[in-house]
$ cat work.cif   # mmCIF, C-alpha atoms
data_my_file
loop_
_atom_site.group_PDB
_atom_site.id
_atom_site.type_symbol
_atom_site.label_atom_id
_atom_site.label_comp_id
_atom_site.auth_asym_id
_atom_site.auth_seq_id
_atom_site.Cartn_x
_atom_site.Cartn_y
_atom_site.Cartn_z
ATOM 1 C CA SER F 1 0.000 0.000 0.000
ATOM 2 C CA SER F 2 1.250 3.470 -0.816
ATOM 3 C CA GLY F 3 -0.040 5.040 2.398
ATOM 4 C CA ILE F 4 -2.154 7.500 0.431
ATOM 5 C CA ASN F 5 -5.518 8.372 1.927
ATOM 6 C CA ALA F 6 -7.186 11.331 0.265
ATOM 7 C CA GLU F 7 -10.026 11.404 2.835
ATOM 8 C CA TRP F 8 -7.691 12.327 5.689
ATOM 9 C CA PRO F 9 -8.632 15.829 6.946
ATOM 10 C CA LEU F 10 -5.960 18.467 6.503
ATOM 11 C CA ARG F 11 -5.334 19.846 9.968
ATOM 12 C CA PRO F 12 -4.017 23.426 10.308
ATOM 13 C CA GLY F 13 -0.340 23.394 11.177
ATOM 14 C CA GLY F 14 0.270 20.093 9.426
ATOM 15 C CA TRP F 15 1.273 19.391 5.859
ATOM 16 C CA PRO F 16 0.927 16.219 3.812
ATOM 17 C CA ILE F 17 4.474 15.066 3.156
ATOM 18 C CA CYS F 18 5.985 11.678 2.405
ATOM 19 C CA THR F 19 9.293 10.383 3.680
ATOM 20 C CA PRO F 20 11.866 9.599 0.978
ATOM 21 C CA GLU F 21 10.997 5.907 1.298
ATOM 22 C CA GLU F 22 7.418 6.772 0.414
ATOM 23 C CA GLN F 23 6.449 8.117 -2.973
ATOM 24 C CA ILE F 24 7.078 11.881 -3.149
ATOM 25 C CA ALA F 25 3.543 13.030 -3.806
ATOM 26 C CA VAL F 26 1.237 15.693 -2.473
ATOM 27 C CA GLN F 27 -1.326 13.029 -1.555
ATOM 28 C CA CYS F 28 0.564 11.650 1.445
ATOM 29 C CA PHE F 29 -2.104 12.296 4.035
ATOM 30 C CA ASN F 30 -1.360 9.286 6.237
ATOM 31 C CA GLU F 31 0.200 11.440 8.940
ATOM 32 C CA MET F 32 0.767 15.080 9.807
ATOM 33 C CA TRP F 33 4.237 16.387 10.485
ATOM 34 C CA LYS F 34 5.027 19.359 12.679
ATOM 35 C CA VAL F 35 7.765 21.465 11.143
ATOM 36 C CA ASP F 36 9.474 24.150 13.229
ATOM 37 C CA VAL F 37 11.636 26.535 11.249
ATOM 38 C CA GLY F 38 13.526 29.363 12.929
ATOM 39 C CA PHE F 39 15.628 32.181 11.553
ATOM 40 C CA SER F 40 18.359 34.399 12.920
ATOM 41 C CA MET F 41 20.838 36.763 11.369
ATOM 42 C CA VAL F 42 23.989 38.327 12.761
ATOM 43 C CA GLU F 43 23.676 41.976 11.673
ATOM 44 C CA ARG F 44 27.406 42.688 11.567
ATOM 45 C CA SER F 45 28.604 39.674 9.600
ATOM 46 C CA GLY F 46 25.469 38.835 7.615
ATOM 47 C CA LYS F 47 25.576 35.232 8.900
ATOM 48 C CA MET F 48 22.135 33.597 8.612
ATOM 49 C CA PHE F 49 20.911 30.535 10.494
ATOM 50 C CA CYS F 50 17.827 28.477 9.715
ATOM 51 C CA PRO F 51 17.293 25.814 12.404
ATOM 52 C CA VAL F 52 14.783 23.112 11.448
ATOM 53 C CA LYS F 53 13.011 20.533 13.564
ATOM 54 C CA VAL F 54 10.571 18.023 12.073
ATOM 55 C CA LEU F 55 8.344 16.053 14.428
ATOM 56 C CA LYS F 56 6.339 13.058 13.283
ATOM 57 C CA GLU F 57 4.040 11.547 15.919
ATOM 58 C CA GLY F 58 5.983 13.480 18.564
ATOM 59 C CA LYS F 59 9.343 11.997 17.557
ATOM 60 C CA GLU F 60 12.052 14.159 16.058
ATOM 61 C CA MET F 61 12.986 13.048 12.548
ATOM 62 C CA LYS F 62 16.584 12.688 11.423
ATOM 63 C CA LEU F 63 16.904 15.243 8.629
ATOM 64 C CA LYS F 64 20.336 14.191 7.372
ATOM 65 C CA ASN F 65 18.962 11.433 5.103
ATOM 66 C CA MET F 66 16.006 13.450 3.867
ATOM 67 C CA ASP F 67 16.004 15.460 0.658
ATOM 68 C CA ILE F 68 15.483 18.808 2.361
ATOM 69 C CA ARG F 69 16.965 22.113 1.292
ATOM 70 C CA VAL F 70 16.752 25.718 2.356
ATOM 71 C CA GLU F 71 15.718 28.744 0.322
ATOM 72 C CA TRP F 72 16.909 32.088 1.696
ATOM 73 C CA GLY F 73 15.072 35.304 0.922
ATOM 74 C CA GLY F 74 14.434 38.957 1.621
ATOM 75 C CA VAL F 75 11.239 40.827 2.445
ATOM 76 C CA HIS F 76 10.080 44.245 1.255
ATOM 77 C CA LEU F 77 7.563 45.630 3.756
ATOM 78 C CA GLU F 78 4.863 47.740 2.137
ATOM 79 C CA SER F 79 2.049 49.882 3.506
ATOM 80 C CA GLY F 80 -0.350 48.256 5.946
ATOM 81 C CA ASP F 81 0.249 44.532 6.371
ATOM 82 C CA ASP F 82 1.424 44.036 2.793
ATOM 83 C CA TYR F 83 4.810 42.630 1.958
ATOM 84 C CA LYS F 84 6.664 41.082 -0.976
ATOM 85 C CA THR F 85 9.166 38.267 -0.667
ATOM 86 C CA GLU F 86 12.027 37.471 -2.981
ATOM 87 C CA TYR F 87 14.157 34.311 -2.984
ATOM 88 C CA PHE F 88 17.912 34.818 -3.139
ATOM 89 C CA LYS F 89 20.305 33.226 -5.614
ATOM 90 C CA GLU F 90 23.381 31.459 -4.312
ATOM 91 C CA GLY F 91 26.543 33.247 -5.355
ATOM 92 C CA VAL F 92 24.601 36.472 -5.963
ATOM 93 C CA HIS F 93 22.986 37.222 -2.585
ATOM 94 C CA TYR F 94 24.585 34.615 -0.311
ATOM 95 C CA THR F 95 27.190 31.907 0.107
ATOM 96 C CA THR F 96 26.453 28.626 1.861
ATOM 97 C CA ASN F 97 28.324 28.136 5.123
ATOM 98 C CA GLY F 98 29.056 24.432 5.602
ATOM 99 C CA LYS F 99 26.576 21.554 5.846
ATOM 100 C CA PHE F 100 23.304 21.294 7.765
ATOM 101 C CA SER F 101 23.987 21.044 11.502
ATOM 102 C CA LEU F 102 21.561 19.804 14.134
ATOM 103 C CA LYS F 103 22.281 22.747 16.411
ATOM 104 C CA LYS F 104 22.197 25.683 13.991
ATOM 105 C CA GLY F 105 20.387 24.163 11.023
ATOM 106 C CA PHE F 106 21.231 25.551 7.590
ATOM 107 C CA LYS F 107 23.882 28.270 7.540
ATOM 108 C CA ALA F 108 24.755 30.935 5.002
ATOM 109 C CA ARG F 109 26.273 34.388 4.783
ATOM 110 C CA PHE F 110 24.307 37.188 3.127
ATOM 111 C CA THR F 111 26.621 38.921 0.639
ATOM 112 C CA GLY F 112 24.162 41.384 -0.930
ATOM 113 C CA ASP F 113 23.202 44.873 0.214
ATOM 114 C CA LYS F 114 21.221 44.629 3.469
ATOM 115 C CA LYS F 115 19.669 48.053 2.809
ATOM 116 C CA GLU F 116 17.739 46.593 -0.146
ATOM 117 C CA TYR F 117 15.555 44.498 2.198
ATOM 118 C CA ASP F 118 13.517 45.257 5.316
ATOM 119 C CA CYS F 119 14.024 41.814 6.777
ATOM 120 C CA PHE F 120 15.051 38.261 5.870
ATOM 121 C CA PHE F 121 13.636 34.728 5.971
ATOM 122 C CA CYS F 122 14.255 31.082 5.156
ATOM 123 C CA ASP F 123 11.894 28.407 3.813
ATOM 124 C CA ILE F 124 12.461 24.662 3.944
ATOM 125 C CA TYR F 125 11.595 22.435 0.994
ATOM 126 C CA MET F 126 11.469 18.690 0.531
ATOM 127 C CA GLY F 127 11.750 18.130 -3.187
ATOM 128 C CA GLU F 128 9.366 20.725 -4.651
ATOM 129 C CA HIS F 129 7.090 20.858 -1.605
ATOM 130 C CA ILE F 130 7.422 23.636 0.973
ATOM 131 C CA MET F 131 7.499 22.201 4.500
ATOM 132 C CA ASN F 132 6.629 25.425 6.336
ATOM 133 C CA PRO F 133 3.677 26.832 4.369
ATOM 134 C CA TRP F 134 2.618 29.083 7.263
ATOM 135 C CA PRO F 135 5.458 31.478 8.067
ATOM 136 C CA ASP F 136 5.802 32.254 11.730
ATOM 137 C CA LYS F 137 9.317 32.147 13.241
ATOM 138 C CA ASN F 138 11.216 31.745 9.964
ATOM 139 C CA HIS F 139 11.980 35.456 9.560
ATOM 140 C CA ASN F 140 13.349 38.477 11.411
ATOM 141 C CA CYS F 141 10.609 40.946 10.432
ATOM 142 C CA PRO F 142 8.968 43.224 13.010
ATOM 143 C CA ALA F 143 6.378 41.526 15.226
ATOM 144 C CA GLU F 144 3.401 43.287 13.629
ATOM 145 C CA TYR F 145 4.045 41.307 10.440
ATOM 146 C CA SER F 146 3.899 38.014 12.326
ATOM 147 C CA GLU F 147 0.454 38.289 13.850
ATOM 148 C CA ASP F 148 -3.170 38.861 12.868
ATOM 149 C CA GLY F 149 -3.357 39.311 9.143
ATOM 150 C CA GLY F 150 0.380 39.637 8.712
ATOM 151 C CA MET F 151 2.705 36.835 7.709
ATOM 152 C CA MET F 152 1.208 34.293 10.057
ATOM 153 C CA GLU F 153 -2.367 33.171 9.787
ATOM 154 C CA ASP F 154 -3.695 32.299 13.208
ATOM 155 C CA MET F 155 -2.887 28.609 12.960
ATOM 156 C CA ASP F 156 -3.018 26.183 15.832
ATOM 157 C CA MET F 157 0.397 24.519 15.681
ATOM 158 C CA ASN F 158 -0.317 21.801 18.289
#

$ encode --input "work.cif" --output "structure tokens"
Amino acid sequence: SSGINAEWPLRPGGWPICTPEEQIAVQCFNEMWKVDVGFSMVERSGKMFCPVKVLKEGKEMKLKNMDIRVEWGGVHLESGDDYKTEYFKEGVHYTTNGKFSLKKGFKARFTGDKKEYDCFFCDIYMGEHIMNPWPDKNHNCPAEYSEDGGMMEDMDMN
């Protein structure tokens, strides 16, 4: 059996994702994963950190053997709650800093002009599927963009 069950309800805060052993398909509804993605940036050096924790049935998954990657980006804050995001290109906006580490997650150094962006973020993908579709702690934007109507919908993450 492929573990695909299209009737499974999509719970807020979860996302249908398959492990690499399972078929990579959007229809993997057998189980919800909880994906915590953080973000921090050292202003002076431009070092960016994107720690990632994936929980499946309360157990932390080992990410080393999974096909996950990070996309770094910048945010342009506009009037009201509006904002535009832009993904960075490696070698143009940033350089990768070593391999994924359990403690600090993905690491890179921003090499572009910080003044071009209001704040920064990271997204985690498995194959073509985004693993953190509801941005909450994956950016360093001001708090008003993280709550009601801003970047984060009011999702129950438990």

$ closest_residue --input "work.cif" --among "F:Val35, F:Met48, F:Ile68, F:Cys141" --to "His93 in chain F" --atoms "all atoms listed in the file"
F:Met48

$ atom_distance --input "work.cif" --atom1 "CA of Pro51 in chain F" --atom2 "CA of Asp123 in chain F"
10.5 Å

$ resolve_selection --input "work.cif" --expression "the PyMOL selection byres ((chain F and resi 104) around 9)" --output "number ranges by chain"
F: 49-52, 100-103, 105-107

$ closest_residue --input "work.cif" --among "F:Ile124, F:Val75, F:Val54, F:Ala108" --to "Asn140 in chain F" --atoms "all atoms listed in the file"
F:Val75

$ closest_residue --input "work.cif" --among "F:Leu55, F:Met41, F:Met61, F:Val70" --to "Cys122 in chain F" --atoms "only C-alpha atoms"
F:Val70

$ residues_around --input "work.cif" --residues "Gly127 in chain F" --least-positions-apart "2" --cutoff "7 Å" --atoms "all atoms listed in the file" --output "PyMOL selection string"
chain F and resi 67-68+125+129

$ atom_distance --input "work.cif" --atom1 "CA of Arg109 in chain F" --atom2 "CA of Thr96 in chain F"
6.5 Å

$ closest_residue --input "work.cif" --among "F:Tyr117, F:Asp82, F:Tyr94, F:Asn138" --to "Phe39 in chain F" --atoms "only C-alpha atoms"
F:Asn138
